[in-house]
Amino acid sequence: MSTSPTKGAIELTLAMVLSGTIGIFVVESGASPFNVVFFRCLFGALALGLYCLVRGFFKNHGFTPKKLGLAALGGVFIVFNWAFLFQSYETTSISVATVVYHTQPFYVVLLGALLFKDRLTADKLGWLAVAFVGLVLVAGVSLSDLRSGSAYLTGLGYALLAALFYGFSTVITKRVTGVRPHLVALVQVLLGIPLLLPFADFGEASNLGGGGWAWLAGLGLIHTCLMYVLMYSAYQKLPTPKIAVLAFVYPVVAMVCDWAVYGHHVSLLQALGIPLIVAASLGNNLGWRILPRRSTAPAPAELRVPRRTTTAGNNR
């Protein structure tokens with residue numbers, strides 16, 4: 001269908017715009033990071049479960065014990081990835097945390113090479129080096145931060161840890177084939193409820209006003225159910241290059257929201273690192289070459305082996 005890619009691009013753009021507003025919902029809820037993730041999982045599981053039920057996804061679900069175990073293991077990492085990312089918002093900013101978090105594709109590459117012996121090419125290593133330079137610039141760490149071990153430095157560590165956990169979740173979940181991604185996501189948010197229960201502070205939750213609960217419900221209904229539905233629908237309609245490009249709507253929207261709502265902005269030096277991370281991520285995802293291809297010049301005439309002529313009778 002000719003309109004399918006266009007529809008997919010619109011769906012993925014909307015999903016990335018929603019993703020870029022997550023930071024506002026987290027901060028405005030007034031809840032601690034672990035409480036935010038706990039209630040995101042709770043509200044998200046209810047909404048996703050209802051959606052899967054209405055769409056009939058539970059019939060012929062495709063789960064085997066092994067696939068269910070892999071989905072659950074990926075869920076452990078994705079849930080704590082959210083918690084560390086939201087923690088990073090508190091000590092850095094939504095903008096810095098989101099850009100640093102977008103080093104996640106390189107963790108996927110490195111983990112794939114370490115755990116599953118995926119081929120690590122010179123080009124991928126080159127893009128990894130470019131991303132590292134961008135990360136150093138975006139981090140904006142001063143000597144005083146390094147000497148004192150500031151909260152800002154800790155926040156950067158949380159964002160990097162969140163990206164690492166996302167990488168673990170990705171390489172594990174990629175092994176769950178033949179199952180609708182909606183069901184995999186449902187398993188992961190369902191697992192998050194008992195997993196985060198020991199960390200949840202219900203005393204704090206009881207003091208949240210109606211506005212706080214509305215922000216938390218929005219994270220579950222909008223940023224977990226609706227966003228995932230749009231994203232998974234778009235993935236079926238779009239080629240990988242377009243998905244890789246549109247994914248950067250997320251950090252752009254997050255930075256605009258952080259500036260418009262909280263007045264946070266990155267410094268000039270930090271801004272120089274952002275295009276490096278963007279270029280490195282696109283280069284890695286789209287297979288761009290960073291090193292020139294080796295030229296294969298023809299051998300000198302006197303060194304060439306003369307071609308043997310054959311007759312029709314001895315051709316094979």
# chains A, B, ... in the order shown; residues from 1 in each chain; ligands from 1

$ residues_around --residues "A:Pro198" --least-positions-apart "5" --cutoff "12 Å" --atoms "only C-alpha atoms" --output "PyMOL selection string"
chain A and resi 34-35+38+192-193

$ residues_around --residues "stretch 83-96 of chain A" --least-positions-apart "5" --cutoff "8 Å" --atoms "only C-alpha atoms" --output "NGL selection string"
:A and (23 or 26-27 or 33-34 or 36-37 or 101 or 138-139 or 151-152 or 154-159 or 161-162 or 251 or 254-255 or 258 or 264-266)

$ residues_around --residues "A:Gly203" --least-positions-apart "4" --cutoff "12 Å" --atoms "only C-alpha atoms" --output "ChimeraX atom specification"
/A:31-32,35,199,207-208

$ atom_distance --atom1 "atom CA of A:Cys225" --atom2 "atom CA of A:Gly8"
17.2 Å

$ residues_around --residues "A:Lys67" --least-positions-apart "3" --cutoff "10 Å" --atoms "only C-alpha atoms" --output "list in words"
Gly62, Phe63, Thr64, Leu70, Ala71, Ala72, Leu73, Ile172, Thr173, Arg175, Val176, Thr177, Gly178, Val179 and Val184 of chain A

$ write_last_selection --atoms "N, CA and C atoms" --output "PDB file, in the first residue's frame"
ATOM      1  N   GLY A  62       2.578 -17.375  20.867  1.00  0.00           N
ATOM      2  CA  GLY A  62       3.928 -17.715  20.410  1.00  0.00           C
ATOM      3  C   GLY A  62       4.963 -17.878  21.500  1.00  0.00           C
ATOM      4  N   PHE A  63       4.580 -17.690  22.757  1.00  0.00           N
ATOM      5  CA  PHE A  63       5.541 -17.833  23.853  1.00  0.00           C
ATOM      6  C   PHE A  63       5.865 -19.301  24.113  1.00  0.00           C
ATOM      7  N   THR A  64       7.127 -19.575  24.363  1.00  0.00           N
ATOM      8  CA  THR A  64       7.589 -20.847  24.905  1.00  0.00           C
ATOM      9  C   THR A  64       8.230 -20.513  26.246  1.00  0.00           C
ATOM     10  N   LEU A  70      13.355 -15.189  28.452  1.00  0.00           N
ATOM     11  CA  LEU A  70      14.161 -14.131  27.846  1.00  0.00           C
ATOM     12  C   LEU A  70      13.447 -12.782  27.925  1.00  0.00           C
ATOM     13  N   ALA A  71      12.135 -12.788  27.667  1.00  0.00           N
ATOM     14  CA  ALA A  71      11.360 -11.542  27.756  1.00  0.00           C
ATOM     15  C   ALA A  71      11.397 -10.993  29.176  1.00  0.00           C
ATOM     16  N   ALA A  72      11.281 -11.881  30.152  1.00  0.00           N
ATOM     17  CA  ALA A  72      11.307 -11.452  31.555  1.00  0.00           C
ATOM     18  C   ALA A  72      12.686 -10.910  31.927  1.00  0.00           C
ATOM     19  N   LEU A  73      13.749 -11.570  31.458  1.00  0.00           N
ATOM     20  CA  LEU A  73      15.104 -11.101  31.755  1.00  0.00           C
ATOM     21  C   LEU A  73      15.338  -9.724  31.126  1.00  0.00           C
ATOM     22  N   ILE A 172      19.004  -9.007  24.519  1.00  0.00           N
ATOM     23  CA  ILE A 172      18.263 -10.172  25.017  1.00  0.00           C
ATOM     24  C   ILE A 172      16.917 -10.283  24.327  1.00  0.00           C
ATOM     25  N   THR A 173      16.181  -9.171  24.236  1.00  0.00           N
ATOM     26  CA  THR A 173      14.835  -9.197  23.662  1.00  0.00           C
ATOM     27  C   THR A 173      14.870  -9.518  22.180  1.00  0.00           C
ATOM     28  N   ARG A 175      16.327 -11.779  20.849  1.00  0.00           N
ATOM     29  CA  ARG A 175      16.303 -13.244  20.716  1.00  0.00           C
ATOM     30  C   ARG A 175      14.894 -13.804  20.883  1.00  0.00           C
ATOM     31  N   VAL A 176      13.924 -12.956  21.236  1.00  0.00           N
ATOM     32  CA  VAL A 176      12.529 -13.404  21.385  1.00  0.00           C
ATOM     33  C   VAL A 176      11.836 -13.197  20.049  1.00  0.00           C
ATOM     34  N   THR A 177      11.803 -14.229  19.232  1.00  0.00           N
ATOM     35  CA  THR A 177      11.211 -14.133  17.900  1.00  0.00           C
ATOM     36  C   THR A 177       9.859 -14.844  17.874  1.00  0.00           C
ATOM     37  N   GLY A 178       9.034 -14.454  16.915  1.00  0.00           N
ATOM     38  CA  GLY A 178       7.739 -15.109  16.739  1.00  0.00           C
ATOM     39  C   GLY A 178       6.699 -14.714  17.767  1.00  0.00           C
ATOM     40  N   VAL A 179       6.950 -13.622  18.508  1.00  0.00           N
ATOM     41  CA  VAL A 179       6.010 -13.126  19.520  1.00  0.00           C
ATOM     42  C   VAL A 179       5.765 -11.645  19.241  1.00  0.00           C
ATOM     43  N   VAL A 184       5.561  -8.847  24.483  1.00  0.00           N
ATOM     44  CA  VAL A 184       6.864  -8.798  25.166  1.00  0.00           C
ATOM     45  C   VAL A 184       6.892  -7.600  26.116  1.00  0.00           C
TER      46      VAL A 184
END

$ atom_distance --atom1 "atom CA of A:Arg40" --atom2 "atom CA of A:Gln236"
25.6 Å

$ closest_residue --among "A:Tyr250, A:Leu191, A:Val130, A:Lys237" --to "A:Leu68" --atoms "only C-alpha atoms"
A:Leu191

$ atom_distance --atom1 "atom CA of A:Leu272" --atom2 "atom CA of A:Arg289"
21.8 Å

$ residues_around --residues "A:Ala45" --least-positions-apart "3" --cutoff "12 Å" --atoms "only C-alpha atoms" --output "tab-separated table (two decimals) with N, CA and C atoms, in the first residue's frame"
chain	number	residue	atom	x	y	z
A	37	VAL	N	8.60	4.70	38.22
A	37	VAL	CA	8.68	3.49	37.40
A	37	VAL	C	7.67	2.45	37.87
A	38	PHE	N	7.48	2.31	39.19
A	38	PHE	CA	6.50	1.35	39.70
A	38	PHE	C	5.11	1.65	39.16
A	39	PHE	N	4.70	2.90	39.26
A	39	PHE	CA	3.34	3.24	38.81
A	39	PHE	C	3.24	3.31	37.29
A	40	ARG	N	4.35	3.60	36.63
A	40	ARG	CA	4.34	3.50	35.17
A	40	ARG	C	4.07	2.05	34.75
A	41	CYS	N	4.73	1.13	35.42
A	41	CYS	CA	4.51	-0.30	35.12
A	41	CYS	C	3.08	-0.70	35.44
A	42	LEU	N	2.55	-0.23	36.57
A	42	LEU	CA	1.19	-0.60	36.98
A	42	LEU	C	0.15	-0.09	35.98
A	48	LEU	N	-1.86	-1.77	28.46
A	48	LEU	CA	-1.36	-2.68	27.43
A	48	LEU	C	-2.10	-4.02	27.46
A	49	GLY	N	-2.40	-4.50	28.68
A	49	GLY	CA	-3.15	-5.75	28.80
A	49	GLY	C	-4.52	-5.64	28.17
A	50	LEU	N	-5.21	-4.53	28.40
A	50	LEU	CA	-6.53	-4.32	27.80
A	50	LEU	C	-6.43	-4.23	26.28
A	51	TYR	N	-5.41	-3.53	25.79
A	51	TYR	CA	-5.22	-3.39	24.35
A	51	TYR	C	-4.98	-4.77	23.70
A	52	CYS	N	-4.09	-5.56	24.30
A	52	CYS	CA	-3.78	-6.89	23.76
A	52	CYS	C	-5.02	-7.80	23.81
A	53	LEU	N	-5.82	-7.66	24.85
A	53	LEU	CA	-7.04	-8.46	24.97
A	53	LEU	C	-8.03	-8.11	23.87
A	182	HIS	N	4.13	-6.24	21.43
A	182	HIS	CA	3.21	-5.74	22.47
A	182	HIS	C	3.17	-6.69	23.66
A	183	LEU	N	3.18	-8.00	23.35
A	183	LEU	CA	3.13	-9.00	24.42
A	183	LEU	C	4.45	-9.03	25.19
A	184	VAL	N	5.56	-8.85	24.48
A	184	VAL	CA	6.86	-8.80	25.17
A	184	VAL	C	6.89	-7.60	26.12
A	185	ALA	N	6.43	-6.45	25.63
A	185	ALA	CA	6.37	-5.25	26.48
A	185	ALA	C	5.45	-5.46	27.67
A	186	LEU	N	4.34	-6.16	27.46
A	186	LEU	CA	3.41	-6.43	28.55
A	186	LEU	C	4.07	-7.30	29.63
A	187	VAL	N	4.80	-8.33	29.21
A	187	VAL	CA	5.52	-9.17	30.16
A	187	VAL	C	6.50	-8.33	30.97
A	188	GLN	N	7.17	-7.40	30.31
A	188	GLN	CA	8.20	-6.61	30.98
A	188	GLN	C	7.61	-5.65	32.01
A	189	VAL	N	6.48	-4.98	31.67
A	189	VAL	CA	5.90	-4.06	32.65
A	189	VAL	C	5.19	-4.82	33.77
A	190	LEU	N	4.64	-5.99	33.45
A	190	LEU	CA	4.05	-6.82	34.50
A	190	LEU	C	5.12	-7.25	35.49
A	191	LEU	N	6.28	-7.64	34.98
A	191	LEU	CA	7.38	-8.05	35.84
A	191	LEU	C	7.85	-6.89	36.72
A	192	GLY	N	7.77	-5.66	36.18
A	192	GLY	CA	8.22	-4.50	36.92
A	192	GLY	C	7.45	-4.25	38.20
A	193	ILE	N	6.19	-4.71	38.25
A	193	ILE	CA	5.36	-4.46	39.44
A	193	ILE	C	5.92	-5.17	40.68
A	217	ALA	N	-0.28	8.51	35.81
A	217	ALA	CA	-1.19	7.76	34.94
A	217	ALA	C	-0.86	8.02	33.47
A	219	LEU	N	2.08	8.62	32.23
A	219	LEU	CA	3.27	7.82	31.87
A	219	LEU	C	2.88	6.39	31.49
A	220	GLY	N	1.89	5.84	32.21
A	220	GLY	CA	1.47	4.47	31.90
A	220	GLY	C	0.60	4.38	30.66
A	221	LEU	N	-0.38	5.29	30.56
A	221	LEU	CA	-1.35	5.22	29.47
A	221	LEU	C	-0.79	5.77	28.16
A	222	ILE	N	-0.07	6.91	28.26
A	222	ILE	CA	0.42	7.57	27.05
A	222	ILE	C	1.80	7.06	26.64
A	223	HIS	N	2.75	7.08	27.60
A	223	HIS	CA	4.14	6.79	27.26
A	223	HIS	C	4.49	5.31	27.29
A	224	THR	N	3.59	4.48	27.77
A	224	THR	CA	3.85	3.04	27.76
A	224	THR	C	2.92	2.33	26.79
A	225	CYS	N	1.62	2.59	26.87
A	225	CYS	CA	0.68	1.91	25.98
A	225	CYS	C	0.63	2.58	24.61
A	226	LEU	N	0.14	3.81	24.56
A	226	LEU	CA	-0.04	4.49	23.26
A	226	LEU	C	1.28	4.62	22.50
A	228	TYR	N	4.04	2.81	22.65
A	228	TYR	CA	4.51	1.53	22.14
A	228	TYR	C	3.66	1.04	20.97

$ closest_residue --among "A:Gly167, A:Gly218, A:Leu160, A:Pro239" --to "A:Ala47" --atoms "only C-alpha atoms"
A:Gly218

$ residues_around --residues "stretch 112-119 of chain A" --least-positions-apart "5" --cutoff "12 Å" --atoms "only C-alpha atoms" --output "JSON list (two decimals) with C-alpha atoms, in the first residue's frame"
[["chain", "number", "residue", "atom", "x", "y", "z"],
["A", 105, "PRO", "CA", 23.26, 1.87, 20.27],
["A", 106, "PHE", "CA", 26.96, 1.47, 20.99],
["A", 107, "TYR", "CA", 26.32, -0.61, 24.07],
["A", 124, "LYS", "CA", 31.82, 0.48, 14.00],
["A", 125, "LEU", "CA", 34.84, 1.03, 16.23],
["A", 167, "GLY", "CA", 21.61, -2.32, 25.68],
["A", 168, "PHE", "CA", 21.31, -5.51, 27.74],
["A", 169, "SER", "CA", 17.53, -5.47, 27.31],
["A", 170, "THR", "CA", 17.85, -4.98, 23.55],
["A", 171, "VAL", "CA", 20.32, -7.79, 22.87],
["A", 172, "ILE", "CA", 18.26, -10.17, 25.02],
["A", 174, "LYS", "CA", 16.08, -9.51, 20.05],
["A", 175, "ARG", "CA", 16.30, -13.24, 20.72]]

$ select_by_dssp --residues "stretch 119-302 of chain A" --states "alpha helix (DSSP H)" --output "number ranges by chain"
A: 122-139, 143-148, 151-173, 181-196, 202-206, 210-220, 227-235, 240-246, 249-262, 268-286

$ closest_residue --among "A:Ala205, A:Met231, A:Ala200, A:Leu216" --to "A:Ala9" --atoms "only C-alpha atoms"
A:Met231
